[in-house]
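Colleague: Got a structure for you, questions after.
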Amino acid sequence: LETSRNHHSSEIINDKSTAQQELRDLGVLTPEGKTIYSEQQAEYYFRELKAKGYESVTIKLKRAASGMGVFKINTLDELEKKLYEHRNELNDGLLMDGWIRGKFITSPNIQFNVGKTPEEDVFIGCSSQILSPDGTVHLGNISDMGIMENKRLVADLLVIRNWIRSKKAYGISGIDFSIFEDENGEQKAYFMEINGRINGSTHGAIIANKIFGDEQYLDKWSVVNNVMLKEGTTIDQFIQRLQRDKIYFDPSTKTGVLPTNISAIDKYSKAMVVIFGEKSKIMEMINILNSY
């Protein structure tokens, strides 16, 4: 895997509003939205979206990531307060979307190493995002290859990769979608954003590939960004707890919980882990971790 992009190309693909607007023009399915640069423009467009039947809108900062910098807005009062809080970012533009109507199904992330030609693209993995109850904060990922059966999503992925390529932003990119079921029962995958960097869902898939090899790894991993621990817990105590609960990673069975980032354990009492195994077992282990 290589990452070969300059600062300018990274800025372009990570810019939520630029990516969404340009890809919408190329025919990619995106939420209805536009970039706003003033309070007056924001209020006008908010009223327009409400008149079209949207109950809520989302405001996204240009550098929003993992749900941070994404806000659900229901009323003009909420909009005015949020715009005031982020008045310094308003000149650079904020993305306002209509809150997608329909039944929320899942929020997948698809990882590619984007090459200089389509033939050089390397598929890394596909996973569903584990989201907070309000659907705005990214808590982790669990592998989910069934998503790749959505033909429209696969077609849009090629358009998106070619767009990334046109910006010379070669290297690893995570492409986020949200899938909703409309009133006719059709599942639609809306492009949300590109994260042109290595993140949790990247390293989870890569480590799983090293452990399982070939194609077997694609549906046998999950990443939990923040396992919350009791204050004062050390890494040794965390591992001992995993061992007592019989979920610590076992190389002989290639299953279990493997801590991958412990840099925040002393200060914030939390750790990032990758979990390996069949999906049902992974969910059991996530439930155990939630009890910590």
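Letters A, B, ... go to the chains of the structure tokens in the order shown; residues in each chain start at 1; ligands are counted from 1 in the same order.
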List as JSON lines every residue of region 112-190 of chain A that is in contact with region 98-107 of chain A, defined as an atom at most 10 Å from one of its atoms (using only C-alpha atoms), together with the nearest atom pair and the distance in Å rounded to one decimal, sorted by chain and then rising number.

Modeller:
```
{"residue": "A:Ser127", "atom": "CA", "partner": "A:Ser107", "partner_atom": "CA", "distance": 8.5}
{"residue": "A:Ser128", "atom": "CA", "partner": "A:Ser107", "partner_atom": "CA", "distance": 5.5}
{"residue": "A:Gln129", "atom": "CA", "partner": "A:Ser107", "partner_atom": "CA", "distance": 5.3}
{"residue": "A:Ile130", "atom": "CA", "partner": "A:Ser107", "partner_atom": "CA", "distance": 7.9}
{"residue": "A:Leu131", "atom": "CA", "partner": "A:Ser107", "partner_atom": "CA", "distance": 8.1}
{"residue": "A:Gly135", "atom": "CA", "partner": "A:Ser107", "partner_atom": "CA", "distance": 9.1}
{"residue": "A:His138", "atom": "CA", "partner": "A:Ser107", "partner_atom": "CA", "distance": 9.6}
{"residue": "A:Asn141", "atom": "CA", "partner": "A:Ser107", "partner_atom": "CA", "distance": 9.5}
{"residue": "A:Ile147", "atom": "CA", "partner": "A:Thr106", "partner_atom": "CA", "distance": 9.2}
{"residue": "A:Asp176", "atom": "CA", "partner": "A:Ser107", "partner_atom": "CA", "distance": 7.1}
{"residue": "A:Phe177", "atom": "CA", "partner": "A:Ser107", "partner_atom": "CA", "distance": 5.6}
{"residue": "A:Ser178", "atom": "CA", "partner": "A:Ser107", "partner_atom": "CA", "distance": 4.3}
{"residue": "A:Ile179", "atom": "CA", "partner": "A:Thr106", "partner_atom": "CA", "distance": 5.4}
{"residue": "A:Phe180", "atom": "CA", "partner": "A:Phe104", "partner_atom": "CA", "distance": 4.5}
{"residue": "A:Glu181", "atom": "CA", "partner": "A:Lys103", "partner_atom": "CA", "distance": 5.0}
{"residue": "A:Asp182", "atom": "CA", "partner": "A:Gly102", "partner_atom": "CA", "distance": 4.8}
{"residue": "A:Glu183", "atom": "CA", "partner": "A:Gly102", "partner_atom": "CA", "distance": 6.7}
{"residue": "A:Asn184", "atom": "CA", "partner": "A:Gly102", "partner_atom": "CA", "distance": 9.7}
{"residue": "A:Gly185", "atom": "CA", "partner": "A:Lys103", "partner_atom": "CA", "distance": 9.2}
{"residue": "A:Glu186", "atom": "CA", "partner": "A:Gly102", "partner_atom": "CA", "distance": 9.8}
{"residue": "A:Gln187", "atom": "CA", "partner": "A:Ile105", "partner_atom": "CA", "distance": 8.1}
{"residue": "A:Lys188", "atom": "CA", "partner": "A:Ile105", "partner_atom": "CA", "distance": 9.4}
{"residue": "A:Ala189", "atom": "CA", "partner": "A:Ser107", "partner_atom": "CA", "distance": 8.7}
{"residue": "A:Tyr190", "atom": "CA", "partner": "A:Ile100", "partner_atom": "CA", "distance": 8.9}
```

Colleague: Within 9 Å of Leu23 (chain A), counting only C-alpha atoms, which residues show up once you throw out same-chain ones fewer than 5 positions away? Write them as JSON, numbers by chain, please.

Modeller: {"A": [18, 28, 29, 30, 159, 160, 163, 191]}

Colleague: Would you save the residues from that selection as a compact mmCIF listing (two decimals), in the first residue's frame, using N, CA and C atoms?

Modeller:
```txt
# COMPACT_ATOMS: atom_id res chain seq x y z
N THR A 18 -16.71 20.33 -1.25
CA THR A 18 -16.19 20.20 -2.62
C THR A 18 -16.44 18.80 -3.16
N VAL A 28 -23.15 10.87 -8.98
CA VAL A 28 -23.12 10.06 -7.76
C VAL A 28 -24.30 10.46 -6.87
N LEU A 29 -24.96 9.48 -6.27
CA LEU A 29 -26.09 9.75 -5.38
C LEU A 29 -25.57 10.34 -4.07
N THR A 30 -26.01 11.56 -3.76
CA THR A 30 -25.60 12.24 -2.53
C THR A 30 -26.85 12.82 -1.86
N VAL A 159 -16.76 5.84 -10.00
CA VAL A 159 -16.77 7.27 -10.31
C VAL A 159 -15.97 8.04 -9.26
N ILE A 160 -16.17 7.67 -7.99
CA ILE A 160 -15.47 8.36 -6.90
C ILE A 160 -13.97 8.14 -6.98
N TRP A 163 -12.56 10.19 -9.66
CA TRP A 163 -12.50 11.59 -9.23
C TRP A 163 -11.29 11.82 -8.34
N PHE A 191 -23.59 8.77 -1.02
CA PHE A 191 -22.21 9.13 -0.72
C PHE A 191 -22.19 10.24 0.32
```

Colleague: Quick one: DSSP strand (DSSP E or B) residues in region 30-232 of chain A, as number ranges by chain?

Modeller: A: 33-36, 57-65, 68-73, 94-98, 103-106, 108-114, 122-131, 138-143, 170-181, 187-195, 221-228

Colleague: Please produce a file of those selected residues containing C-alpha atoms, as a CSV table (one decimal), in the first residue's frame.

Modeller:
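Here's the written file selection-v2.csv:
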```
chain,number,residue,atom,x,y,z
A,33,GLY,CA,-27.3,20.0,0.0
A,34,LYS,CA,-25.1,22.9,-0.8
A,35,THR,CA,-22.3,25.0,0.7
A,36,ILE,CA,-23.3,28.0,2.7
A,57,VAL,CA,-30.9,19.3,8.3
A,58,THR,CA,-27.2,18.5,9.0
A,59,ILE,CA,-24.4,21.0,9.2
A,60,LYS,CA,-20.9,19.7,8.5
A,61,LEU,CA,-17.7,21.5,9.0
A,62,LYS,CA,-15.3,21.2,6.0
A,63,ARG,CA,-12.9,19.1,8.1
A,64,ALA,CA,-15.4,17.1,10.0
A,65,ALA,CA,-14.2,13.6,10.8
A,68,MET,CA,-17.1,15.3,15.0
A,69,GLY,CA,-18.1,18.6,13.4
A,70,VAL,CA,-21.4,17.1,12.2
A,71,PHE,CA,-24.6,18.6,13.7
A,72,LYS,CA,-28.3,17.7,13.3
A,73,ILE,CA,-30.4,20.8,13.3
A,94,LEU,CA,-20.3,24.9,5.8
A,95,LEU,CA,-22.1,22.0,4.1
A,96,MET,CA,-25.9,21.9,4.8
A,97,ASP,CA,-27.8,18.8,3.8
A,98,GLY,CA,-31.3,17.7,4.1
A,103,LYS,CA,-35.4,4.0,7.2
A,104,PHE,CA,-31.7,4.1,8.1
A,105,ILE,CA,-30.1,0.7,7.3
A,106,THR,CA,-26.3,1.1,7.8
A,108,PRO,CA,-20.6,1.6,5.3
A,109,ASN,CA,-17.0,2.6,4.8
A,110,ILE,CA,-15.1,1.2,1.8
A,111,GLN,CA,-11.4,1.3,1.7
A,112,PHE,CA,-9.2,1.5,-1.4
A,113,ASN,CA,-5.6,2.2,-2.2
A,114,VAL,CA,-6.2,4.4,-5.2
A,122,VAL,CA,-6.4,-2.2,-4.5
A,123,PHE,CA,-9.5,-3.0,-2.5
A,124,ILE,CA,-8.7,-3.1,1.2
A,125,GLY,CA,-12.0,-3.8,2.9
A,126,CYS,CA,-15.7,-3.0,3.4
A,127,SER,CA,-17.2,-2.5,6.8
A,128,SER,CA,-20.3,-1.0,8.4
A,129,GLN,CA,-19.8,1.8,10.8
A,130,ILE,CA,-20.8,1.4,14.4
A,131,LEU,CA,-22.6,4.7,15.2
A,138,HIS,CA,-18.4,7.1,14.6
A,139,LEU,CA,-17.6,4.4,17.3
A,140,GLY,CA,-16.0,1.7,15.2
A,141,ASN,CA,-16.5,-0.7,12.3
A,142,ILE,CA,-17.4,-4.3,11.6
A,143,SER,CA,-16.6,-6.0,8.4
A,170,TYR,CA,-3.2,8.6,-5.0
A,171,GLY,CA,-3.1,6.3,-1.9
A,172,ILE,CA,-5.4,5.1,0.8
A,173,SER,CA,-8.9,6.6,0.9
A,174,GLY,CA,-11.9,5.6,3.0
A,175,ILE,CA,-15.2,6.3,1.2
A,176,ASP,CA,-18.3,6.7,3.5
A,177,PHE,CA,-21.9,6.0,2.5
A,178,SER,CA,-25.2,6.0,4.3
A,179,ILE,CA,-27.8,3.4,3.2
A,180,PHE,CA,-31.5,4.2,3.6
A,181,GLU,CA,-34.6,2.3,2.6
A,187,GLN,CA,-32.2,0.5,-0.4
A,188,LYS,CA,-30.2,3.6,-1.6
A,189,ALA,CA,-26.6,4.3,-0.8
A,190,TYR,CA,-25.8,8.0,-0.4
A,191,PHE,CA,-22.2,9.1,-0.7
A,192,MET,CA,-21.2,11.1,2.4
A,193,GLU,CA,-17.5,11.8,2.4
A,194,ILE,CA,-13.9,10.8,1.7
A,195,ASN,CA,-11.3,10.3,4.3
A,221,TRP,CA,-12.8,-8.3,11.8
A,222,SER,CA,-14.1,-5.4,13.7
A,223,VAL,CA,-12.6,-2.2,15.2
A,224,VAL,CA,-13.8,-0.6,18.4
A,225,ASN,CA,-12.4,3.0,18.6
A,226,ASN,CA,-12.9,3.5,22.3
A,227,VAL,CA,-13.2,0.7,24.9
A,228,MET,CA,-14.0,2.7,28.0
```

Colleague: Could you tell me which of A:Tyr37, A:Tyr268, A:Phe46, A:Phe249 comes closest to Ile282 (chain A) if we count only C-alpha atoms?

Modeller: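 Once distances to Ile282 (chain A) are computed over only C-alpha atoms, the minimum belongs to A:Phe249.
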
Colleague: Ranking A:Ile164, A:His86, A:Leu242, A:Arg47 by minimum distance to Leu289 (chain A) and counting only C-alpha atoms, which one comes first?

Modeller: A:Leu242

Colleague: How would you write, as a count of residues only, the set of residues in region 47-171 of chain A that DSSP gives as helix (DSSP H, G or I)?

Modeller: 43

Colleague: Using only C-alpha atoms, pick whichever of A:Asp144, A:Glu231, A:Glu22, A:Glu39 has the shortest atom-to-atom distance to Glu85 (chain A).

Modeller: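 Residue with the minimum atom-to-atom distance to Glu85 (chain A): A:Glu39.
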
Colleague: So, with only C-alpha atoms as the atoms that count, which of A:Ala169, A:Lys82, A:Leu218, A:Lys52 lies closest to Asn14 (chain A)?

Modeller: A:Ala169
